[in-house]
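Asks: File follows, query.txt with compact mmCIF, C-alpha atoms:
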```
# COMPACT_ATOMS: atom_id res chain seq x y z
CA MET H 23 0.00 0.00 0.00
CA LYS H 24 1.29 3.46 -0.93
CA LEU H 25 1.92 5.94 1.90
CA ASP H 26 -0.48 8.88 1.95
CA LEU H 27 2.01 11.71 2.52
CA GLU H 28 -0.68 14.36 2.20
CA HIS H 29 -3.14 13.12 4.81
CA GLY H 30 -1.45 10.16 6.55
CA VAL H 31 0.10 10.14 10.02
CA VAL H 32 2.64 7.98 11.80
CA GLU H 33 0.99 4.89 13.29
CA MET H 34 2.29 2.38 15.82
CA ALA H 35 2.57 -0.14 12.99
CA HIS H 36 5.24 2.02 11.36
CA GLY H 37 7.61 0.98 14.16
CA GLY H 38 6.52 -2.63 14.39
CA GLY H 39 9.10 -4.15 12.11
CA GLY H 40 6.56 -5.33 9.55
CA ARG H 41 5.38 -4.30 6.11
CA ALA H 42 4.21 -0.85 7.27
CA MET H 43 7.62 -0.06 8.71
CA ALA H 44 9.39 -1.25 5.59
CA LYS H 45 7.15 0.94 3.44
CA LEU H 46 7.81 3.98 5.67
CA ILE H 47 11.59 3.49 5.51
CA GLU H 48 11.58 2.83 1.80
CA THR H 49 9.39 5.80 0.93
CA ILE H 50 10.67 8.48 3.26
CA PHE H 51 14.23 7.58 4.24
CA LEU H 52 15.79 5.43 1.53
CA GLY H 53 14.48 7.63 -1.24
CA ASN H 54 15.90 10.82 0.26
CA PHE H 55 19.16 9.48 1.71
CA ASP H 56 19.99 7.33 -1.30
CA ASN H 57 23.64 6.22 -1.47
CA PRO H 58 25.45 2.94 -2.21
CA LEU H 59 26.10 2.01 1.44
CA LEU H 60 22.51 2.61 2.55
CA ALA H 61 21.19 0.80 -0.51
CA GLN H 62 22.78 -2.44 0.74
CA HIS H 63 19.90 -2.61 3.28
CA ASN H 64 22.08 -4.13 6.00
CA ASP H 65 21.83 -3.38 9.72
CA GLN H 66 25.21 -1.68 9.52
CA ALA H 67 27.34 0.19 7.00
CA CYS H 68 30.73 -1.31 6.18
CA PHE H 69 33.40 0.89 4.65
CA SER H 70 37.15 1.38 4.50
CA MET H 71 38.90 4.25 6.24
CA GLN H 72 42.22 5.83 5.41
CA ALA H 73 44.98 5.37 7.98
CA GLY H 74 45.35 8.13 10.53
CA ARG H 75 43.33 9.83 13.25
CA VAL H 76 39.56 9.41 13.22
CA ALA H 77 36.93 11.62 14.90
CA MET H 78 33.55 10.25 16.02
CA THR H 79 30.64 12.01 17.71
CA THR H 80 26.92 11.70 18.44
CA ASP H 81 24.17 14.14 19.39
CA SER H 82 20.39 14.12 19.85
CA TYR H 83 17.94 16.77 18.65
CA VAL H 84 14.71 17.46 20.53
CA ILE H 85 13.90 20.98 19.35
CA GLN H 86 10.45 22.61 19.48
CA PRO H 87 9.01 23.79 17.17
CA LEU H 88 10.16 21.23 14.59
CA PHE H 89 10.17 23.91 11.88
CA PHE H 90 11.60 27.35 12.62
CA PRO H 91 12.77 30.40 10.63
CA GLY H 92 15.86 29.32 8.72
CA GLY H 93 15.68 25.57 9.31
CA ASP H 94 14.08 22.54 10.90
CA ILE H 95 15.00 19.60 13.10
CA GLY H 96 16.23 17.59 10.10
CA SER H 97 18.81 20.04 8.77
CA LEU H 98 19.77 20.90 12.34
CA ALA H 99 20.55 17.22 13.10
CA VAL H 100 22.94 17.06 10.14
CA HIS H 101 24.55 20.46 10.72
CA GLY H 102 25.09 19.83 14.42
CA THR H 103 26.90 16.53 14.01
CA VAL H 104 28.92 17.71 11.00
CA ASN H 105 30.03 20.70 13.08
CA ASP H 106 30.95 18.57 16.08
CA LEU H 107 33.29 16.62 13.79
CA ALA H 108 34.61 19.74 12.10
CA MET H 109 35.58 21.28 15.47
CA SER H 110 38.29 18.60 15.73
CA GLY H 111 39.57 19.70 12.32
CA ALA H 112 38.15 16.49 10.82
CA VAL H 113 36.72 16.03 7.35
CA PRO H 114 33.23 14.58 8.06
CA LEU H 115 32.40 11.48 5.99
CA TYR H 116 29.46 9.39 7.24
CA LEU H 117 26.44 9.88 9.49
CA SER H 118 23.90 7.59 11.10
CA ALA H 119 20.35 8.76 11.81
CA GLY H 120 18.03 7.39 14.50
CA PHE H 121 14.39 8.53 14.59
CA ILE H 122 11.94 8.31 17.50
CA LEU H 123 8.55 9.15 16.00
CA GLU H 124 5.39 9.96 17.92
CA GLU H 125 2.18 8.31 16.84
CA GLY H 126 0.09 10.89 14.96
CA LEU H 127 2.98 12.84 13.41
CA PRO H 128 1.86 13.86 9.89
CA LEU H 129 3.73 11.81 7.29
CA GLY H 130 4.08 14.96 5.21
CA ASP H 131 6.04 16.60 8.04
CA LEU H 132 8.30 13.55 8.33
CA ALA H 133 8.93 13.56 4.59
CA GLN H 134 9.80 17.27 4.70
CA ILE H 135 12.26 16.63 7.54
CA ALA H 136 13.89 13.78 5.59
CA ARG H 137 14.24 15.96 2.48
CA SER H 138 15.81 18.68 4.59
CA MET H 139 18.30 16.21 6.09
CA ALA H 140 19.21 14.92 2.65
CA ALA H 141 19.80 18.43 1.32
CA ALA H 142 21.94 19.35 4.33
CA ALA H 143 24.01 16.17 3.92
CA ARG H 144 24.58 16.83 0.22
CA GLU H 145 25.70 20.38 0.91
CA ALA H 146 28.10 19.21 3.64
CA GLY H 147 29.45 16.38 1.47
CA VAL H 148 28.51 13.57 3.86
CA PHE H 149 26.44 10.40 3.47
CA ILE H 150 23.75 9.09 5.83
CA VAL H 151 24.65 5.42 5.67
CA THR H 152 22.67 3.69 8.42
CA GLY H 153 19.80 4.41 10.78
CA ASP H 154 16.99 3.27 13.02
CA THR H 155 13.27 4.01 13.43
CA LYS H 156 11.09 3.62 16.52
CA VAL H 157 7.51 4.76 17.15
CA VAL H 158 6.15 5.75 20.58
CA GLU H 159 2.50 6.16 21.58
CA LYS H 160 0.75 9.50 21.13
CA GLY H 161 1.54 11.81 24.04
CA LYS H 162 4.85 10.09 24.83
CA GLY H 163 6.99 11.99 22.36
CA ASP H 164 7.06 15.43 20.83
CA GLY H 165 6.57 14.72 17.16
CA VAL H 166 10.03 13.47 16.36
CA PHE H 167 13.38 13.17 18.09
CA ILE H 168 16.50 12.55 15.98
CA ASN H 169 19.88 11.16 16.99
CA THR H 170 22.77 11.50 14.55
CA ALA H 171 26.24 10.06 14.93
CA GLY H 172 29.14 10.92 12.65
CA ILE H 173 32.63 9.85 11.74
CA GLY H 174 35.43 11.73 9.96
CA VAL H 175 39.18 11.78 9.42
CA ILE H 176 41.60 14.38 10.77
CA PRO H 177 44.38 15.70 8.51
CA ASP H 178 47.98 15.28 9.69
CA GLY H 179 49.27 18.22 11.70
CA VAL H 180 45.79 19.39 12.78
CA ALA H 181 44.94 18.97 16.47
CA PRO H 182 42.66 21.67 17.95
CA SER H 183 41.64 20.97 21.54
CA GLY H 184 40.26 23.01 24.42
CA GLU H 185 43.28 22.36 26.62
CA ARG H 186 45.60 24.05 24.10
CA ALA H 187 44.49 27.65 24.76
CA ARG H 188 47.49 29.66 26.01
CA PRO H 189 47.92 33.16 27.51
CA GLY H 190 48.47 35.60 24.67
CA ASP H 191 46.28 33.68 22.24
CA ALA H 192 43.59 35.52 20.28
CA ILE H 193 39.88 34.61 20.40
CA LEU H 194 37.88 34.82 17.17
CA VAL H 195 34.25 34.14 16.23
CA SER H 196 33.01 33.36 12.71
CA GLY H 197 29.99 35.68 12.71
CA THR H 198 27.05 37.20 14.52
CA LEU H 199 25.90 35.53 17.73
CA GLY H 200 22.47 34.56 19.04
CA ASP H 201 20.62 34.22 15.72
CA HIS H 202 19.51 30.60 16.21
CA GLY H 203 18.20 30.87 19.75
CA VAL H 204 16.25 34.04 19.06
CA ALA H 205 14.80 32.65 15.79
CA VAL H 206 13.49 29.55 17.59
CA MET H 207 12.12 31.53 20.51
CA SER H 208 10.34 34.00 18.21
CA LYS H 209 8.60 31.12 16.41
CA ARG H 210 7.71 29.32 19.63
CA GLU H 211 6.23 32.41 21.28
CA ASN H 212 4.67 33.79 18.05
CA LEU H 213 6.71 36.95 18.40
CA ALA H 214 7.01 39.27 15.41
CA PHE H 215 9.99 41.57 15.07
CA GLU H 216 10.45 44.39 12.58
CA VAL H 217 13.26 42.44 10.91
CA ASP H 218 13.00 38.68 10.31
CA ILE H 219 15.54 36.78 12.39
CA LEU H 220 16.64 33.49 10.82
CA SER H 221 18.50 30.64 12.46
CA ASP H 222 22.20 30.53 11.61
CA ALA H 223 22.15 26.70 11.40
CA GLN H 224 24.69 25.62 8.78
CA ALA H 225 27.53 23.15 8.31
CA LEU H 226 30.95 24.64 9.01
CA ASN H 227 33.25 21.91 7.68
CA GLY H 228 34.05 23.90 4.53
CA LEU H 229 35.04 26.95 6.56
CA VAL H 230 37.16 24.83 8.91
CA ALA H 231 38.91 23.15 5.97
CA ALA H 232 39.89 26.58 4.62
CA MET H 233 41.10 27.67 8.06
CA VAL H 234 43.31 24.66 8.79
CA ALA H 235 44.72 24.74 5.26
CA LYS H 236 46.17 28.22 5.90
CA VAL H 237 46.69 28.08 9.67
CA PRO H 238 47.11 24.39 10.63
CA ASP H 239 48.13 25.09 14.23
CA ILE H 240 44.78 26.47 15.40
CA HIS H 241 44.81 25.79 19.14
CA VAL H 242 41.04 25.49 19.74
CA LEU H 243 37.88 25.15 17.64
CA ARG H 244 34.46 24.97 19.27
CA ASP H 245 30.88 25.69 18.16
CA PRO H 246 29.03 27.75 20.78
CA THR H 247 25.71 25.89 20.81
CA ARG H 248 23.74 25.42 24.05
CA GLY H 249 24.85 28.00 26.60
CA GLY H 250 26.19 30.21 23.82
CA LEU H 251 29.55 31.98 23.77
CA ALA H 252 29.61 32.38 27.55
CA ALA H 253 29.40 28.65 28.31
CA THR H 254 31.82 27.76 25.52
CA LEU H 255 34.56 30.12 26.71
CA ASN H 256 34.11 29.09 30.35
CA GLU H 257 34.47 25.43 29.33
CA ILE H 258 37.68 26.16 27.43
CA ALA H 259 39.08 28.35 30.21
CA ARG H 260 38.66 25.52 32.71
CA GLN H 261 40.10 22.95 30.33
CA ALA H 262 43.22 25.03 29.69
CA LYS H 263 43.38 26.64 33.18
CA VAL H 264 43.53 30.15 31.72
CA GLY H 265 41.45 33.32 31.83
CA MET H 266 39.83 35.21 28.97
CA GLU H 267 39.19 38.89 28.34
CA LEU H 268 36.57 39.95 25.78
CA ASP H 269 35.86 43.32 24.16
CA GLU H 270 32.09 43.91 23.99
CA ARG H 271 32.44 46.37 21.11
CA ALA H 272 34.17 43.71 18.98
CA ILE H 273 31.55 40.96 19.43
CA PRO H 274 29.28 40.85 16.35
CA ILE H 275 25.58 40.78 17.24
CA LYS H 276 22.82 41.83 14.85
CA GLY H 277 20.82 44.82 15.97
CA ALA H 278 17.56 42.87 15.67
CA VAL H 279 18.96 40.04 17.81
CA ARG H 280 20.22 42.48 20.42
CA ALA H 281 16.82 44.21 20.53
CA ALA H 282 14.99 40.87 20.77
CA CYS H 283 17.25 39.77 23.62
CA GLU H 284 16.54 42.99 25.49
CA PHE H 285 12.79 42.45 24.93
CA LEU H 286 12.96 38.82 26.10
CA GLY H 287 15.34 39.47 28.97
CA LEU H 288 18.12 37.35 27.47
CA ASP H 289 21.88 37.87 27.40
CA PRO H 290 22.97 37.26 23.78
CA LEU H 291 26.22 35.75 25.07
CA ASN H 292 24.14 32.92 26.60
CA VAL H 293 21.99 32.32 23.51
CA ALA H 294 22.65 29.22 21.37
CA ASN H 295 24.17 29.28 17.90
CA GLU H 296 24.11 26.42 15.38
CA GLY H 297 26.26 27.81 12.56
CA LYS H 298 29.09 29.72 14.21
CA LEU H 299 32.44 28.74 15.65
CA VAL H 300 34.98 30.02 18.13
CA ALA H 301 38.65 29.77 17.15
CA ILE H 302 41.65 30.37 19.41
CA CYS H 303 45.10 30.72 17.91
CA ALA H 304 48.50 32.22 18.67
CA GLY H 305 48.31 36.00 18.78
CA ASP H 306 50.72 36.44 15.88
CA GLN H 307 48.51 34.21 13.69
CA ALA H 308 45.24 36.00 14.45
CA GLU H 309 45.12 38.48 11.57
CA ARG H 310 46.10 35.77 9.06
CA LEU H 311 43.34 33.48 10.37
CA LEU H 312 40.82 36.32 10.38
CA ALA H 313 41.54 37.07 6.73
CA VAL H 314 40.96 33.41 5.80
CA MET H 315 37.69 33.33 7.71
CA ARG H 316 36.37 36.57 6.21
CA ALA H 317 37.21 35.34 2.72
CA HIS H 318 34.86 32.34 3.18
CA PRO H 319 31.11 32.94 2.68
CA LYS H 320 30.32 31.34 6.04
CA GLY H 321 32.82 33.54 7.88
CA ALA H 322 32.28 36.94 6.28
CA ASP H 323 31.37 38.57 9.63
CA SER H 324 34.27 37.04 11.57
CA ALA H 325 35.95 39.12 14.24
CA ILE H 326 38.72 39.02 16.82
CA ILE H 327 36.81 39.47 20.08
CA GLY H 328 39.40 39.07 22.83
CA ARG H 329 42.44 37.32 24.16
CA VAL H 330 43.46 34.53 26.48
CA THR H 331 45.00 35.65 29.79
CA GLN H 332 46.89 34.08 32.65
CA ASP H 333 44.36 33.57 35.45
CA ALA H 334 44.42 30.76 38.01
CA ASP H 335 40.71 31.38 38.69
CA CYS H 336 39.83 30.78 35.01
CA PHE H 337 37.60 33.86 34.88
CA VAL H 338 36.06 35.08 31.61
CA THR H 339 35.56 38.86 31.72
CA LEU H 340 34.11 41.44 29.36
CA LYS H 341 35.25 45.02 28.83
CA THR H 342 31.94 46.76 28.30
CA ALA H 343 31.21 49.46 25.75
CA PHE H 344 31.00 51.92 28.65
CA GLY H 345 34.52 51.16 29.86
CA GLY H 346 33.63 48.89 32.76
CA THR H 347 34.35 45.23 33.30
CA ARG H 348 31.91 42.43 34.13
CA MET H 349 32.08 38.69 34.55
CA VAL H 350 30.86 36.45 31.74
CA ASP H 351 29.63 33.52 33.75
CA TRP H 352 28.01 30.18 33.06
CA LEU H 353 24.29 30.24 32.54
CA THR H 354 22.41 29.41 35.74
CA GLY H 355 19.54 27.06 34.99
CA GLU H 356 18.08 26.86 31.50
CA GLN H 357 17.60 30.10 29.59
CA LEU H 358 16.08 28.63 26.42
CA PRO H 359 14.88 25.01 26.65
CA ARG H 360 14.53 22.68 23.66
CA ILE H 361 16.36 24.77 21.06
CA CYS H 362 18.66 22.13 19.61
```
Output the file's structure as C-alpha cells, nothing else.
Replies:
Amino acid sequence: MKLDLEHGVVEMAHGGGGRAMAKLIETIFLGNFDNPLLAQHNDQACFSMQAGRVAMTTDSYVIQPLFFPGGDIGSLAVHGTVNDLAMSGAVPLYLSAGFILEEGLPLGDLAQIARSMAAAAREAGVFIVTGDTKVVEKGKGDGVFINTAGIGVIPDGVAPSGERARPGDAILVSGTLGDHGVAVMSKRENLAFEVDILSDAQALNGLVAAMVAKVPDIHVLRDPTRGGLAATLNEIARQAKVGMELDERAIPIKGAVRAACEFLGLDPLNVANEGKLVAICAGDQAERLLAVMRAHPKGADSAIIGRVTQDADCFVTLKTAFGGTRMVDWLTGEQLPRIC
C-alpha cells in the first residue's frame, strides 16, 4: 500500500518491524538518503577508512518547534553533528540517523524533515549510511526526536583541543551571535519583530577546511551551541586553566537580535548558535586566520573578540562598551529550553 504523505500520520505499525515499517523506511528515508552504502539494506554500513586519526561524535535533537525560521530539526541534526566533527579539524564522511517518532505525526512533516536532512548532507558532502526508526504512543513523544552520529578523518598536523588555549592567544568568532536561539524563541512564542531573524544553522566543515589549510596550528575550535559563547569560553578556560578577556564592542551581534534579547530578557552571550564557531590561535597568527575566515562565505562577519590571559581562577571577563568590566559567567539554569 502506498503511503499517503498528504493526509497520513505515523501509526504504531510504522515501528513494528513489519510491512508498514518497511514501506515507511523505503518511501521516506531510503528515497531521500539514497547512497550505495545505505542501498545495501544491512543493519550496519561497512566501509574502508584511510589510515590516521579518526573523529567520532553523536548528538540528539529534541527541538520545538520542529520547523523554525531558517531551518528545521532535520537540517539541524545534520549540521550539528557535521560541526561537532569539524571542530576537531576532521573532514566529516558518514552519518547515522536514529528517529523516534510519535504516533500521529503527519507523514508529510516527516517527509519534509527527511528531504531537509538529505539536502543538508549533500551540501556538507557527507552520506547518511545507516539508521533506526522507533515509534512511541501519542503523548509520549514530541513529534520526532533525531539522533545523529558521525565519523570523519583528521588531517595530519591538525589537532585543535580546548586544553591548548594559552595566555596571549587571540579569540575569534566566525559571525554574529544569538541568531539561532532568538529565531526559535520567536517562532515558539509567536513573536514578530520588525526584521526577520533566521536561524544561523549551517555546516561549518568547509570553513574549517579553509582555516586549517592556511593556519594548521589552530589551538582550539568549538561551536558555541547550548549555553552560547559564555558557556563555551568558560568550558575552554577551565580545560586550559587560563582566563579570557573579551571586548564587547568587537563581538558581532545583529541589531535585531540584540533588541529581541533585550525584549525577552536574554543575554545574547548565553543564547545558542548552530552555525558559528569560536577559534583560538596564537596572537601572531590572528590576523592571518581572520583574513581566511572573512574570505569564506560562512565567515564573512568574523571578528577578533578578545584574548586569552593568565588567570588561576579561570575567569572570563568582558570590557563593556562603557569602559567597565563584568564577569561572563556560566548560565544558571536553563535560559532557552529545547532549542537544539
Asks: Just the number, please: distance in Å from atom CA of Ala42 of chain H to atom CA of Gly130 of chain H, one decimal.
Replies: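 Answer for the atom CA of Ala42 of chain H to atom CA of Gly130 of chain H separation: 15.9 Å.
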Asks: Which polymer residues have any atom within 8 Å of an atom of Leu229 of chain H, counting only C-alpha atoms, with same-chain residues fewer than 4 positions away left out, as a count of residues only?
Replies: 5
Asks: Tell me, in Å to one decimal, how far atom CA of Arg244 of chain H is from atom CA of Ser82 of chain H.
Replies: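 Interatomic distance here is 17.8 Å.
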Asks: Find the residues near His63 of chain H: any atom within 10 Å, counting only C-alpha atoms, skip ones fewer than 5 places away on the same chain, and give them as a PyMOL selection string.
Replies: chain H and resi 52+58+151-152
Asks: Between H:Asp335, H:Asp323, H:Glu284, H:Asp245, which one has atoms that come closest to Ala262 of chain H, using all atoms listed in the file?
Replies: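 Checking each candidate against Ala262 of chain H, we get H:Asp335 as the closest.
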Asks: For Ser110 of chain H, find every residue with an atom within 7 Å (counting all atoms listed in the file), except residues of its own chain fewer than 3 positions away, and show them as a PyMOL selection string.
Replies: chain H and resi 107+181-182+243
Asks: If you count only C-alpha atoms, which residues fall within 12 Å of segment 185-189 of chain H, apart from same-chain ones fewer than 5 positions away, as a PyMOL selection string?
Replies: chain H and resi 239-244+255-267+300-305+328-334+336
Asks: Could you check the closest approach to Val158 of chain H for each of H:Leu213, H:Ala252, H:His36, H:Ala140 and tell me which residue wins, using all atoms listed in the file?
Replies: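 Of H:Leu213, H:Ala252, H:His36, H:Ala140, the one nearest Val158 of chain H is H:His36, counting all atoms listed in the file.
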Asks: Restricting the calculation to all atoms listed in the file: of H:Thr347, H:Asn105, H:Ser196, H:Asn64, which residue gets closest to Ile326 of chain H?
Replies: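 Going through H:Thr347, H:Asn105, H:Ser196, H:Asn64 one by one, the smallest distance to Ile326 of chain H is for H:Ser196.
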Asks: Name the closest residue to Leu288 of chain H among the candidates H:Arg41, H:Val204, H:Ala146, H:Lys341; distances are taken between atoms, counting all atoms listed in the file.
Replies: H:Val204
